[in-house]
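Undergrad: Sharing a structure below in structure tokens format, with a few things to ask.
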Amino acid sequence: AGGTLLSIRGSAFPTNATASAVSVFIGQLPCTSPVVVNASLVRCVTSAPPVLGKPSGALPLTVNFAGYGNAWSQGADSSAVLYQYVDLWSRATTWGGNPPPVAGDSVYIPPNVTVLLDVSTPVLGAVVLDGSLTFDDNNSTEIQLQASYILVKGGNLTIGTPASPYLGRARITLHGPPYSRELPQYGAKTIAVRYGNVVMCGAPKVPTWTQLAATADVGDTQLVLAGNVNWVPGDAIAVASSSFYATHTDEAIITSVSYDPSTDTSLLKLDTAMRYTHLGVIVPPTPGDPYNRTIDMRAEVAVLSRRIVIEGDDIDSERWLYGGQIMVGVSTPRSFPVRAQLQLEQGVCIHHTYNRAATIHGTHNVLTQNCVAYNNMGHAFFLEDGIEQGNIYEGNLGFLTHRSDSMLVTDTTPATFWVTHPANTYINNHAGGSTDGYGFWYRFLQNPEGPRYSDDRA
């Protein structure tokens, strides 16, 4: 809406410059009433952009002193400094002078409009993005967006970027029972992406999972992990089973973390004692083995907490086993928590879900790296039709994979990694236990399945 007092800080600004000798532009829009406060500060008031043709994205900032030229920034013209017009969700001016949306309202953000979500929302109906919705990362409290449907239709939904990961806490909660009215192709209780962009990059957990460096016995309230971790007190973890029963997993909350560089191990203290024994040993080679082979029996430990959370609501999700989902460029009605035509899925943890974890369907050259799938139903990491090629699975962990009687027949004996084409790459992945199925299942049929079935395609 304009009218924002903009402070521009620098050094060696000419203090003898009069207001008429100073000009500030944001793109092609003047920043009015410029004043040189002192040698390190210039202030001006932003102009209101036109209602039609509102500038999209960040614009170059130009500061000019008559007789001196443009201000420079780190060896570059001041236009290297960018300014972006955004509308705050909390402001009435964003909504035409009306209060922000209330429970049950639907929201439409038009093209060339960027709204900064700076407050949590009530439960909305639909949120449709032809423009951009960006989560504010300067908020000291968690920001929660609640809706039944989020449709990214040529617009952008952004929570952090690879260059600037989100340092706050963001939560998207999707609402609705399974009999909710469905969007064509995308269903209900969904983040649906059609010709748009969804970018979600939180501060990374490194590593996303590791293994025990020492055995943890029943009743232990601390774990010794291999390597250094950046996990913090308050993070939730899960420990994979070391027995014949995949359900012998443990969950706990970290109360303290310390690293010992002399042994390259991390000590976690926990709020909950272990219910089961989890091994932390590597069985040495059998005497006389010409290949000197070891058996790695160490249980995996995954961190479940993330700064960005997408979830289903507490009531209908558990009652109906019907959680939220992200649908990107889909053409069939089946539903999974994360479904690709994605190009990158990195460091994601999908847990306590009533469906498959990550599905790649009719898509090629996707990188799924350092992800965790825990306590899901059906195949966890799933290649669907058998035509998918060039995909890379690297450093992923899946465990506590449950059967499902409501999906494909093969999901009654699920595999943590379901592989349907040999022209895909699997590197350093771990399958830590399936309750009714398998770790890795290679199902190379003569022809593809599903909507891409063809007698001519092998």
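Ordering of the structure tokens sets the chain letters (A, B, ...), residue numbers begin anew at 1 in every chain, and ligands are numbered from 1 in the order given.
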Compile the contact shell of Arg91 in chain A as a PDB file with N, CA and C atoms, in the first residue's frame: residues with an atom at most 12 Å away, counting only C-alpha atoms, same-chain residues fewer than 4 positions apart removed.
TA:
ATOM      1  N   ALA A   1       0.813  -1.202   0.000  1.00  0.00           N
ATOM      2  CA  ALA A   1       0.000   0.000   0.000  1.00  0.00           C
ATOM      3  C   ALA A   1       0.847   1.252   0.000  1.00  0.00           C
ATOM      4  N   VAL A  86       5.398  -5.933  -0.133  1.00  0.00           N
ATOM      5  CA  VAL A  86       4.591  -7.034   0.378  1.00  0.00           C
ATOM      6  C   VAL A  86       3.428  -6.453   1.172  1.00  0.00           C
ATOM      7  N   ASP A  87       2.369  -7.234   1.264  1.00  0.00           N
ATOM      8  CA  ASP A  87       1.209  -6.866   2.076  1.00  0.00           C
ATOM      9  C   ASP A  87       1.176  -7.788   3.286  1.00  0.00           C
ATOM     10  N   TRP A  95      -6.618  -6.213   2.967  1.00  0.00           N
ATOM     11  CA  TRP A  95      -7.945  -6.770   2.688  1.00  0.00           C
ATOM     12  C   TRP A  95      -8.951  -5.666   2.369  1.00  0.00           C
ATOM     13  N   GLY A  96      -8.471  -4.599   1.742  1.00  0.00           N
ATOM     14  CA  GLY A  96      -9.366  -3.525   1.319  1.00  0.00           C
ATOM     15  C   GLY A  96      -9.973  -2.750   2.463  1.00  0.00           C
ATOM     16  N   GLY A  97      -9.259  -2.671   3.582  1.00  0.00           N
ATOM     17  CA  GLY A  97      -9.763  -1.955   4.745  1.00  0.00           C
ATOM     18  C   GLY A  97     -10.574  -2.807   5.692  1.00  0.00           C
ATOM     19  N   ASN A  98     -10.781  -4.062   5.363  1.00  0.00           N
ATOM     20  CA  ASN A  98     -11.529  -4.977   6.222  1.00  0.00           C
ATOM     21  C   ASN A  98     -10.584  -5.727   7.155  1.00  0.00           C
ATOM     22  N   PRO A  99     -11.117  -6.332   8.219  1.00  0.00           N
ATOM     23  CA  PRO A  99     -10.268  -7.151   9.087  1.00  0.00           C
ATOM     24  C   PRO A  99      -9.716  -8.352   8.324  1.00  0.00           C
ATOM     25  N   PRO A 100      -8.623  -8.941   8.801  1.00  0.00           N
ATOM     26  CA  PRO A 100      -8.088 -10.155   8.166  1.00  0.00           C
ATOM     27  C   PRO A 100      -9.123 -11.277   8.154  1.00  0.00           C
ATOM     28  N   PRO A 101      -8.947 -12.276   7.301  1.00  0.00           N
ATOM     29  CA  PRO A 101      -9.918 -13.369   7.182  1.00  0.00           C
ATOM     30  C   PRO A 101     -10.184 -14.056   8.517  1.00  0.00           C
ATOM     31  N   VAL A 115       1.828 -11.553  -0.255  1.00  0.00           N
ATOM     32  CA  VAL A 115       1.328 -11.386   1.107  1.00  0.00           C
ATOM     33  C   VAL A 115       2.296 -12.077   2.056  1.00  0.00           C
ATOM     34  N   LEU A 116       2.699 -11.358   3.092  1.00  0.00           N
ATOM     35  CA  LEU A 116       3.595 -11.904   4.107  1.00  0.00           C
ATOM     36  C   LEU A 116       2.749 -12.380   5.275  1.00  0.00           C
ATOM     37  N   LEU A 117       2.777 -13.681   5.526  1.00  0.00           N
ATOM     38  CA  LEU A 117       2.011 -14.251   6.636  1.00  0.00           C
ATOM     39  C   LEU A 117       2.778 -13.998   7.926  1.00  0.00           C
ATOM     40  N   ASP A 118       2.342 -12.993   8.684  1.00  0.00           N
ATOM     41  CA  ASP A 118       3.045 -12.587   9.898  1.00  0.00           C
ATOM     42  C   ASP A 118       2.299 -12.969  11.161  1.00  0.00           C
ATOM     43  N   VAL A 119       1.117 -13.601  11.024  1.00  0.00           N
ATOM     44  CA  VAL A 119       0.332 -14.074  12.163  1.00  0.00           C
ATOM     45  C   VAL A 119      -0.258 -15.429  11.802  1.00  0.00           C
TER      46      VAL A 119
END
Undergrad: Can you tell me, as a PyMOL selection string, what residues are no more than 12 Å from range 238-249 of chain A when counting only C-alpha atoms, ignoring any on the same chain fewer than 6 positions away?
TA: chain A and resi 208-212+215-218+222-225+270+272-281+296-305+349+351-352+372-376+397-402+416+430-439
Undergrad: Quick one: DSSP strand (DSSP E) residues in range 151-305 of chain A, as a ChimeraX atom specification?
TA: /A:151-153,156-159,170-174,190-194,197-200,209-211,222-226,236-239,250-260,265-270,282-283,295-296,300-303
Undergrad: With a cut-off of 12 Å, could you pull out the residues of range 283-392 of chain A touching range 143-165 of chain A and give me the nearest pair of atoms for each, distance in Å to one decimal, using only C-alpha atoms, ordered by chain and ascending number, as a tab-separated table?
TA:
residue	atom	partner	partner_atom	distance
A:Arg306	CA	A:Pro165	CA	11.9
A:Arg307	CA	A:Pro165	CA	9.7
A:Ile308	CA	A:Ile159	CA	7.9
A:Val309	CA	A:Gln144	CA	9.3
A:Ile310	CA	A:Leu145	CA	9.6
A:Glu311	CA	A:Gln146	CA	9.8
A:Gly312	CA	A:Ser148	CA	9.6
A:Asp313	CA	A:Gln146	CA	8.9
A:Asp316	CA	A:Ser148	CA	11.7
A:Gly323	CA	A:Ser148	CA	11.3
A:Gly324	CA	A:Ser148	CA	9.2
A:Gln325	CA	A:Tyr149	CA	10.1
A:Ile326	CA	A:Ile150	CA	9.4
A:Met327	CA	A:Leu151	CA	9.6
A:Val328	CA	A:Val152	CA	9.5
A:Gly329	CA	A:Val152	CA	10.8
A:Leu344	CA	A:Pro162	CA	11.4
A:Gln346	CA	A:Pro162	CA	10.8
Undergrad: What's the separation between CA of Leu129 in chain A and CA of Tyr108 in chain A, in Å to one decimal place?
TA: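 Going from CA of Leu129 in chain A over to CA of Tyr108 in chain A, I get 6.2 Å.
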Undergrad: Compare A:Ser106, A:Asn64, A:Asn424, A:Thr413 by their minimum atom-to-atom distance to Phe13 in chain A, counting only C-alpha atoms, and give me the closest one.
TA: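 Answer, going by the shortest atom-to-atom distance: A:Asn64.
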Undergrad: Calculated over only C-alpha atoms, which of the candidates A:Pro448, A:Pro290, A:Pro422, A:Gly395 has the smallest distance to Thr368 in chain A?
TA: A:Gly395
Undergrad: Restricting the calculation to only C-alpha atoms, which member of A:Val232, A:Met377, A:Val206, A:Val127 is positioned closest to Ile350 in chain A?
TA: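 Result for the nearest residue to Ile350 in chain A: A:Met377.
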Undergrad: To one decimal place, how far is CA of Ala192 in chain A from CA of Val366 in chain A in Å?
TA: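 So the answer is 18.8 Å.
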Undergrad: Which residues, written as an mmCIF file with N, CA and C atoms, in the first residue's frame, have at least one atom at most 7 Å from Glu394 in chain A, with only C-alpha atoms counted and residues fewer than 3 positions away on the same chain left out?
TA:
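Output contents, as saved in out.cif:
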data_model
loop_
_atom_site.group_PDB
_atom_site.id
_atom_site.type_symbol
_atom_site.label_atom_id
_atom_site.label_comp_id
_atom_site.auth_asym_id
_atom_site.auth_seq_id
_atom_site.Cartn_x
_atom_site.Cartn_y
_atom_site.Cartn_z
ATOM 1 N N THR A 368 15.952 -37.783 -4.111
ATOM 2 C CA THR A 368 15.418 -37.955 -2.761
ATOM 3 C C THR A 368 16.596 -38.310 -1.867
ATOM 4 N N GLN A 369 16.974 -37.388 -0.999
ATOM 5 C CA GLN A 369 18.256 -37.502 -0.299
ATOM 6 C C GLN A 369 18.097 -37.195 1.189
ATOM 7 N N ASN A 370 18.673 -38.074 2.015
ATOM 8 C CA ASN A 370 18.729 -37.864 3.467
ATOM 9 C C ASN A 370 17.341 -37.673 4.076
ATOM 10 N N TYR A 426 20.146 -46.309 -6.174
ATOM 11 C CA TYR A 426 19.956 -46.390 -4.723
ATOM 12 C C TYR A 426 21.330 -46.466 -4.064
ATOM 13 N N ILE A 427 21.643 -45.491 -3.196
ATOM 14 C CA ILE A 427 22.966 -45.402 -2.577
ATOM 15 C C ILE A 427 22.803 -45.200 -1.072
ATOM 16 N N ASN A 428 23.386 -46.096 -0.288
ATOM 17 C CA ASN A 428 23.476 -45.924 1.171
ATOM 18 C C ASN A 428 22.119 -45.682 1.829
ATOM 19 N N ASN A 429 21.118 -46.419 1.407
ATOM 20 C CA ASN A 429 19.807 -46.340 2.050
ATOM 21 C C ASN A 429 19.664 -47.465 3.068
#
Undergrad: Under the rule that only C-alpha atoms are counted, which of A:Pro30, A:Trp231, A:Thr173, A:Ala214 is the nearest residue to Leu61 in chain A?
TA: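 Using only C-alpha atoms, Leu61 in chain A sits closest to A:Pro30.
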Undergrad: Between CA of Ile282 in chain A and CA of Ile295 in chain A, what is the distance, to one decimal in Å?
TA: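 Between CA of Ile282 in chain A and CA of Ile295 in chain A the gap is 5.6 Å.
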